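> So here's run.cif, just mmCIF, C-alpha atoms:
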data_protein
#
loop_
_atom_site.label_atom_id
_atom_site.label_comp_id
_atom_site.auth_asym_id
_atom_site.auth_seq_id
_atom_site.Cartn_x
_atom_site.Cartn_y
_atom_site.Cartn_z
CA MET M 1 47.87 22.28 -46.31
CA SER M 2 45.17 23.35 -48.73
CA ARG M 3 43.93 26.89 -49.36
CA HIS M 4 40.89 26.31 -47.17
CA ASN M 5 42.90 24.98 -44.26
CA ALA M 6 45.23 27.97 -44.59
CA ALA M 7 42.22 30.33 -44.55
CA LEU M 8 41.18 28.82 -41.21
CA ASP M 9 44.81 28.68 -39.99
CA ILE M 10 44.58 24.90 -39.45
CA THR M 11 47.97 23.30 -38.80
CA MET M 12 49.21 19.78 -38.11
CA VAL M 13 50.52 19.54 -34.56
CA GLY M 14 51.05 15.80 -34.19
CA ARG M 15 51.40 12.63 -36.18
CA ALA M 16 51.97 8.94 -35.57
CA GLU M 17 51.38 5.75 -37.50
CA ALA M 18 47.77 5.95 -38.76
CA GLN M 19 47.16 9.05 -36.62
CA ALA M 20 47.08 12.82 -37.11
CA THR M 21 46.36 15.79 -34.83
CA MET M 22 45.34 19.21 -36.17
CA ARG M 23 44.76 22.54 -34.43
CA LEU M 24 42.11 25.15 -35.27
CA PRO M 25 42.88 28.48 -33.54
CA TYR M 26 39.88 30.33 -32.12
CA ASN M 27 38.92 33.18 -34.44
CA GLU M 28 36.02 35.61 -34.15
CA LYS M 29 35.35 35.28 -37.89
CA LEU M 30 34.40 31.64 -37.31
CA ILE M 31 31.68 32.35 -34.74
CA GLY M 32 28.36 30.60 -35.40
CA ASN M 33 26.33 32.25 -32.65
CA PRO M 34 27.14 35.89 -31.76
CA SER M 35 25.29 35.56 -28.43
CA THR M 36 27.39 32.65 -27.12
CA ARG M 37 30.50 33.33 -29.32
CA VAL M 38 30.77 29.56 -29.94
CA LEU M 39 32.51 28.48 -33.18
CA HIS M 40 30.28 27.44 -36.10
CA GLY M 41 30.01 23.70 -36.73
CA GLY M 42 31.26 24.23 -40.29
CA ALA M 43 34.72 25.19 -39.01
CA ILE M 44 34.79 22.07 -36.82
CA THR M 45 33.71 19.97 -39.84
CA THR M 46 36.69 21.33 -41.79
CA LEU M 47 39.08 20.58 -38.90
CA VAL M 48 37.80 17.01 -38.44
CA ASP M 49 37.69 16.27 -42.19
CA THR M 50 41.29 17.49 -42.51
CA ALA M 51 42.58 15.48 -39.54
CA SER M 52 40.66 12.38 -40.71
CA GLY M 53 42.13 12.58 -44.22
CA ALA M 54 45.62 13.12 -42.79
CA SER M 55 45.32 9.98 -40.64
CA VAL M 56 44.56 7.98 -43.81
CA ILE M 57 47.70 9.39 -45.47
CA MET M 58 49.70 8.43 -42.38
CA LYS M 59 48.27 4.91 -42.53
CA LEU M 60 49.11 4.70 -46.25
CA GLY M 61 52.63 5.82 -45.48
CA GLY M 62 52.64 8.71 -47.96
CA PRO M 63 50.51 11.02 -50.12
CA GLN M 64 47.91 9.24 -52.26
CA PRO M 65 44.68 10.57 -53.76
CA ILE M 66 41.74 10.09 -51.37
CA ALA M 67 38.22 11.53 -51.24
CA THR M 68 35.83 11.78 -48.29
CA LEU M 69 32.84 9.46 -48.79
CA ASP M 70 30.96 10.35 -45.64
CA LEU M 71 31.60 12.18 -42.41
CA ARG M 72 29.52 12.18 -39.24
CA LEU M 73 30.02 14.50 -36.27
CA ASP M 74 28.29 14.11 -32.90
CA TYR M 75 28.44 17.25 -30.77
CA LEU M 76 28.93 15.95 -27.23
CA LYS M 77 29.31 19.36 -25.60
CA ARG M 78 29.64 23.02 -26.50
CA ALA M 79 33.11 24.33 -27.43
CA THR M 80 34.42 27.02 -25.07
CA PRO M 81 34.61 30.47 -26.73
CA GLY M 82 38.17 31.79 -27.03
CA GLU M 83 39.83 28.37 -26.89
CA ASP M 84 41.58 26.57 -29.76
CA VAL M 85 40.14 23.24 -30.88
CA LEU M 86 42.28 20.18 -31.57
CA ALA M 87 41.24 17.09 -33.54
CA THR M 88 42.96 13.71 -33.33
CA ALA M 89 42.03 11.15 -35.97
CA ASP M 90 42.82 7.45 -36.09
CA CYS M 91 42.61 5.44 -39.31
CA TYR M 92 41.78 2.08 -37.75
CA ARG M 93 41.09 0.02 -40.87
CA ILE M 94 42.00 0.21 -44.51
CA SER M 95 40.84 -2.07 -47.32
CA ARG M 96 41.72 -2.01 -51.00
CA ASN M 97 39.21 0.76 -51.76
CA ILE M 98 38.08 2.26 -48.46
CA ALA M 99 39.66 3.74 -45.31
CA PHE M 100 37.77 3.94 -41.98
CA VAL M 101 38.51 6.70 -39.47
CA ARG M 102 37.45 7.60 -35.92
CA SER M 103 38.28 10.97 -34.44
CA ILE M 104 37.59 13.36 -31.59
CA ALA M 105 37.77 17.14 -31.27
CA TYR M 106 38.67 18.68 -27.91
CA HIS M 107 40.31 21.55 -26.09
CA GLU M 108 43.99 21.20 -25.16
CA GLY M 109 44.44 18.81 -22.22
CA GLU M 110 40.77 17.76 -22.29
CA GLN M 111 40.98 14.68 -24.48
CA ASP M 112 38.91 12.74 -21.93
CA SER M 113 36.00 15.13 -22.39
CA PRO M 114 35.72 15.73 -26.16
CA ILE M 115 33.56 18.33 -27.91
CA VAL M 116 32.95 16.10 -30.92
CA ALA M 117 33.10 12.38 -31.69
CA SER M 118 33.30 11.61 -35.40
CA SER M 119 33.53 8.75 -37.84
CA ALA M 120 34.40 9.01 -41.51
CA THR M 121 35.12 6.87 -44.54
CA PHE M 122 37.37 7.72 -47.48
CA MET M 123 37.69 6.33 -51.01
CA LEU M 124 41.21 5.53 -52.09
CA THR M 125 40.77 7.21 -55.46
CA GLY M 126 44.19 6.24 -56.80
CA VAL M 127 43.18 2.56 -56.91
CA SER M 128 42.31 1.23 -60.38
CA SER M 129 38.99 -0.63 -60.53
CA LYS M 130 39.91 -3.59 -62.77
CA ALA M 131 37.60 -5.95 -60.94
CA GLY M 132 34.67 -3.54 -60.84
CA PRO M 133 31.89 -2.88 -63.34
CA PRO M 134 32.73 -0.84 -66.44
CA LYS M 135 33.10 2.81 -65.63
CA SER M 136 30.34 4.97 -67.03
CA GLU M 137 30.65 8.68 -67.71
CA GLU M 138 28.42 9.25 -64.69
CA SER M 139 30.80 7.79 -62.17
CA GLN M 140 33.44 10.50 -62.34
CA MET V 141 15.57 37.75 -26.46
CA THR V 142 19.11 37.92 -27.80
CA GLU V 143 20.35 40.46 -30.31
CA PRO V 144 20.57 38.18 -33.40
CA MET V 145 17.01 37.04 -32.76
CA ASN V 146 15.82 40.65 -32.68
CA THR V 147 17.45 41.13 -36.06
CA LEU V 148 15.82 37.91 -37.33
CA ARG V 149 12.38 39.13 -36.25
CA GLU V 150 12.98 42.36 -38.16
CA LEU V 151 14.16 40.53 -41.31
CA LYS V 152 11.10 38.27 -41.24
CA ARG V 153 8.74 41.21 -40.81
CA SER V 154 10.27 42.94 -43.84
CA GLY V 155 10.68 39.74 -45.91
CA GLN V 156 14.44 40.21 -46.32
CA PHE V 157 15.56 36.60 -46.87
CA SER V 158 18.87 37.70 -48.35
CA ARG V 159 20.04 39.29 -45.09
CA LEU V 160 19.89 36.04 -43.06
CA PRO V 161 23.71 35.46 -43.27
CA GLU V 162 24.24 38.77 -41.41
CA LEU V 163 23.19 36.91 -38.25
CA ILE V 164 26.13 34.50 -38.43
CA PRO V 165 29.78 35.73 -38.72
CA TYR V 166 31.10 32.40 -40.07
CA SER V 167 28.56 32.32 -42.92
CA GLN V 168 29.74 35.78 -43.97
CA PHE V 169 33.40 34.76 -43.69
CA MET V 170 32.72 31.80 -46.01
CA GLY V 171 30.86 33.95 -48.54
CA ILE V 172 27.57 32.11 -48.04
CA SER V 173 24.51 34.04 -49.18
CA VAL V 174 20.79 33.36 -49.46
CA GLU V 175 18.84 33.44 -52.73
CA GLN V 176 15.16 33.22 -53.35
CA ALA V 177 15.04 33.35 -57.15
CA THR V 178 13.05 30.12 -57.50
CA GLY V 179 10.58 30.94 -54.73
CA GLU V 180 12.43 28.70 -52.30
CA LEU V 181 15.25 29.46 -49.90
CA LEU V 182 18.65 28.52 -51.41
CA GLY V 183 22.04 28.80 -49.76
CA LYS V 184 24.78 29.89 -52.16
CA LEU V 185 28.51 29.38 -51.64
CA ALA V 186 30.16 31.78 -54.07
CA TYR V 187 33.39 30.31 -55.39
CA HIS V 188 36.66 31.77 -54.18
CA ASP V 189 40.13 30.19 -54.08
CA ASP V 190 40.14 29.87 -50.28
CA LEU V 191 37.46 27.13 -50.51
CA ILE V 192 39.82 24.67 -52.22
CA GLY V 193 40.73 21.48 -50.37
CA ASN V 194 42.42 19.56 -53.18
CA PRO V 195 44.59 21.80 -55.39
CA SER V 196 45.51 19.09 -57.92
CA LEU V 197 41.94 18.34 -59.13
CA PRO V 198 41.03 21.11 -58.11
CA ALA V 199 38.10 20.42 -55.75
CA LEU V 200 36.34 22.23 -52.93
CA HIS V 201 37.27 21.19 -49.37
CA GLY V 202 34.84 18.77 -47.70
CA GLY V 203 34.61 21.35 -44.93
CA SER V 204 33.54 24.07 -47.40
CA LEU V 205 30.63 21.89 -48.51
CA GLY V 206 29.86 20.95 -44.89
CA ALA V 207 29.70 24.65 -44.05
CA LEU V 208 27.24 25.36 -46.87
CA LEU V 209 25.03 22.38 -45.93
CA GLU V 210 24.95 23.25 -42.21
CA SER V 211 24.40 26.98 -42.86
CA THR V 212 21.56 26.29 -45.30
CA ALA V 213 19.88 23.99 -42.74
CA ILE V 214 20.11 26.78 -40.13
CA PHE V 215 18.70 29.39 -42.55
CA GLN V 216 15.75 27.10 -43.35
CA ILE V 217 14.96 26.66 -39.64
CA LEU V 218 15.29 30.39 -38.95
CA TRP V 219 12.94 31.19 -41.80
CA GLU V 220 10.35 28.47 -41.48
CA THR V 221 9.95 28.06 -37.73
CA GLU V 222 9.15 30.34 -34.80
CA ILE V 223 12.44 29.52 -33.10
CA GLN V 224 13.49 31.86 -30.25
CA THR V 225 17.23 31.09 -30.20
CA LEU V 226 19.76 30.13 -32.86
CA PRO V 227 19.58 26.34 -33.42
CA LYS V 228 22.34 24.34 -31.72
CA ILE V 229 23.84 21.50 -33.75
CA VAL V 230 23.65 17.98 -32.28
CA THR V 231 24.68 15.73 -35.18
CA ILE V 232 25.56 16.16 -38.84
CA THR V 233 26.13 13.38 -41.38
CA VAL V 234 27.50 14.44 -44.76
CA ASP V 235 27.62 12.18 -47.83
CA TYR V 236 30.06 13.34 -50.50
CA LEU V 237 28.68 12.21 -53.85
CA ARG V 238 30.84 13.90 -56.46
CA SER V 239 33.99 15.95 -56.54
CA ALA V 240 32.94 19.62 -56.20
CA LYS V 241 34.45 21.81 -58.90
CA PRO V 242 35.79 25.35 -58.41
CA VAL V 243 32.45 27.01 -59.24
CA ASP V 244 29.46 28.36 -57.26
CA THR V 245 27.56 25.78 -55.18
CA TYR V 246 23.89 25.91 -54.12
CA ALA V 247 21.96 24.09 -51.39
CA ARG V 248 18.34 23.57 -50.39
CA GLY V 249 17.18 22.34 -46.97
CA PHE V 250 13.94 20.57 -46.08
CA ILE V 251 12.72 20.25 -42.51
CA THR V 252 11.97 16.53 -42.25
CA LYS V 253 10.74 16.58 -38.66
CA HIS V 254 10.08 19.44 -36.28
CA GLY V 255 9.75 18.13 -32.75
CA ARG V 256 9.44 20.20 -29.60
CA ARG V 257 13.16 20.04 -28.83
CA VAL V 258 14.85 18.67 -31.95
CA VAL V 259 14.56 19.54 -35.65
CA ASN V 260 15.82 17.26 -38.45
CA VAL V 261 16.83 18.88 -41.72
CA ALA V 262 17.80 17.14 -44.98
CA VAL V 263 20.01 19.28 -47.24
CA THR V 264 21.22 18.77 -50.80
CA ALA V 265 24.03 20.70 -52.52
CA TRP V 266 24.64 20.95 -56.26
CA GLN V 267 26.61 23.00 -58.79
CA ALA V 268 25.72 23.47 -62.47
CA ASP V 269 23.12 20.67 -62.56
CA ARG V 270 20.59 20.32 -59.75
CA GLY V 271 20.01 16.71 -60.83
CA LYS V 272 23.61 15.82 -59.98
CA PRO V 273 24.11 16.67 -56.30
CA VAL V 274 27.69 17.00 -55.04
CA ALA V 275 26.80 16.36 -51.39
CA THR V 276 23.84 15.72 -49.09
CA ALA V 277 23.51 16.03 -45.31
CA ASN V 278 21.18 15.09 -42.51
CA VAL V 279 21.41 17.45 -39.56
CA HIS V 280 19.82 17.43 -36.09
CA PHE V 281 19.52 20.64 -34.12
CA LEU V 282 18.34 21.40 -30.60
CA VAL V 283 15.89 24.25 -30.95
CA HIS V 284 14.85 24.66 -27.33
CA PRO V 285 18.04 24.07 -25.38
CA THR V 286 17.39 23.83 -21.67
#
In structure tokens, write the structure found in this file.

Amino acid sequence: MSRHNAALDITMVGRAEAQATMRLPYNEKLIGNPSTRVLHGGAITTLVDTASGASVIMKLGGPQPIATLDLRLDYLKRATPGEDVLATADCYRISRNIAFVRSIAYHEGEQDSPIVASSATFMLTGVSSKAGPPKSEESQ
Amino acid sequence: MTEPMNTLRELKRSGQFSRLPELIPYSQFMGISVEQATGELLGKLAYHDDLIGNPSLPALHGGSLGALLESTAIFQILWETEIQTLPKIVTITVDYLRSAKPVDTYARGFITKHGRRVVNVAVTAWQADRGKPVATANVHFLVHPT
């Protein structure tokens, strides 16, 4: 777990082939709206990005360098204040360069009624680009 | 009117852009501040080690950048519109363009469309060189939740 995940107390609570589940404990420091006490979207983004990346590593069968290309989150309903948020990610397709991930965020036992639906893509940055165009200084 | 909105009204009256993050606990936790040096509203994510997502590069966590982009979009709405509640996020799409180094990161949001219920904001984040963005985002917020 990286420094930022540790700062948010994000832990892995489940794994399977091509799948990872992470938990974000509710924390008052992460509130986005003091009136409703709902968590800020940024904390959910971190949770979902982390779970999504972990599902790619599971699919790859071990640690390899990857980088998030894009990440979309749809907020289907408001998170309940005081409750932990879980995210389960599924890496459903991997090509030579790119991994594709779907995930949901939800409260424990409420997987059928998620808070967030997300999709993400990752670059497999450890892959050499022999077939690609010459690498310019820009593309680092 | 809720308490944070009372504070917002006071900050607007006195022109205190830099105090916008006080309204949002998470923005303070992340070390996100607001600058106005260039005459525009910039979000600033001051570097600290807890923002790191990849220790071997090292690079900032995608979530750290997402937090800056979303917070900056919210600050822009709070400042530019006559909103009566804090905006509620509906969708966010982040494109990660370059690896973000362990230095300060800045962001600028533009309101692309302000409808009656939904606001669209486009946000760009950069580090040393504004011409080389590290990430961009498009964000939709509900501004009059019913």
> Taking only C-alpha atoms into account, which residues of chain M are within 8 Å of chain V, as a compact mmCIF listing (two decimals) with C-alpha atoms, in the coordinates of the input?

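Output below, filename iface02.txt:
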# COMPACT_ATOMS: atom_id res chain seq x y z
CA SER M 2 45.17 23.35 -48.73
CA ARG M 3 43.93 26.89 -49.36
CA HIS M 4 40.89 26.31 -47.17
CA ASN M 5 42.90 24.98 -44.26
CA ALA M 6 45.23 27.97 -44.59
CA ALA M 7 42.22 30.33 -44.55
CA GLU M 28 36.02 35.61 -34.15
CA LYS M 29 35.35 35.28 -37.89
CA LEU M 30 34.40 31.64 -37.31
CA ILE M 31 31.68 32.35 -34.74
CA GLY M 32 28.36 30.60 -35.40
CA ASN M 33 26.33 32.25 -32.65
CA PRO M 34 27.14 35.89 -31.76
CA SER M 35 25.29 35.56 -28.43
CA HIS M 40 30.28 27.44 -36.10
CA GLY M 41 30.01 23.70 -36.73
CA GLY M 42 31.26 24.23 -40.29
CA ALA M 43 34.72 25.19 -39.01
CA THR M 45 33.71 19.97 -39.84
CA THR M 46 36.69 21.33 -41.79
CA LEU M 47 39.08 20.58 -38.90
CA ASP M 49 37.69 16.27 -42.19
CA THR M 68 35.83 11.78 -48.29
CA LEU M 69 32.84 9.46 -48.79
CA ASP M 70 30.96 10.35 -45.64
CA LEU M 71 31.60 12.18 -42.41
CA ARG M 72 29.52 12.18 -39.24
CA LEU M 73 30.02 14.50 -36.27
CA ASP M 74 28.29 14.11 -32.90
CA TYR M 75 28.44 17.25 -30.77
CA LEU M 76 28.93 15.95 -27.23
CA GLN M 140 33.44 10.50 -62.34
> Could you tell me how far atom CA of M:Leu39 lies from atom CA of M:Ala79, in Å and to one decimal?
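We find that atom CA of M:Leu39 and atom CA of M:Ala79 lie 7.1 Å from each other.
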> Got a sec to resolve the PyMOL selection byres ((chain M and resi 95-111) around 9) on this structure and send the residues as number ranges by chain?
M: 44, 47-48, 51-53, 55-56, 69, 73, 79-80, 83-94, 112-127, 129
> Please, what distance in Å, to one decimal, runs between atom CA of V:Gly171 and atom CA of M:Ala20?
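Separating atom CA of V:Gly171 from atom CA of M:Ala20 is a distance of 29.0 Å.
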> Find the distance between atom CA of M:Val38 and atom CA of M:Met12 and write it in Å to one decimal.
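These two atoms are separated by 22.4 Å.
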> Determine, counting all atoms listed in the file, which protein, DNA and RNA residues have an atom within 12 Å of an atom of V:Leu182; residues of the same chain fewer than 2 positions away are not included. Present the result as a PyMOL selection string.
chain V and resi 157-158+160-161+172-180+184-185+208-209+211-216+219+245-250+263-266+270
> If you apply the PyMOL selection byres ((chain V and resi 255) around 12) to this file, what residues do you get, as a ChimeraX atom specification?
/V:221,223,251-254,256-261,280-284
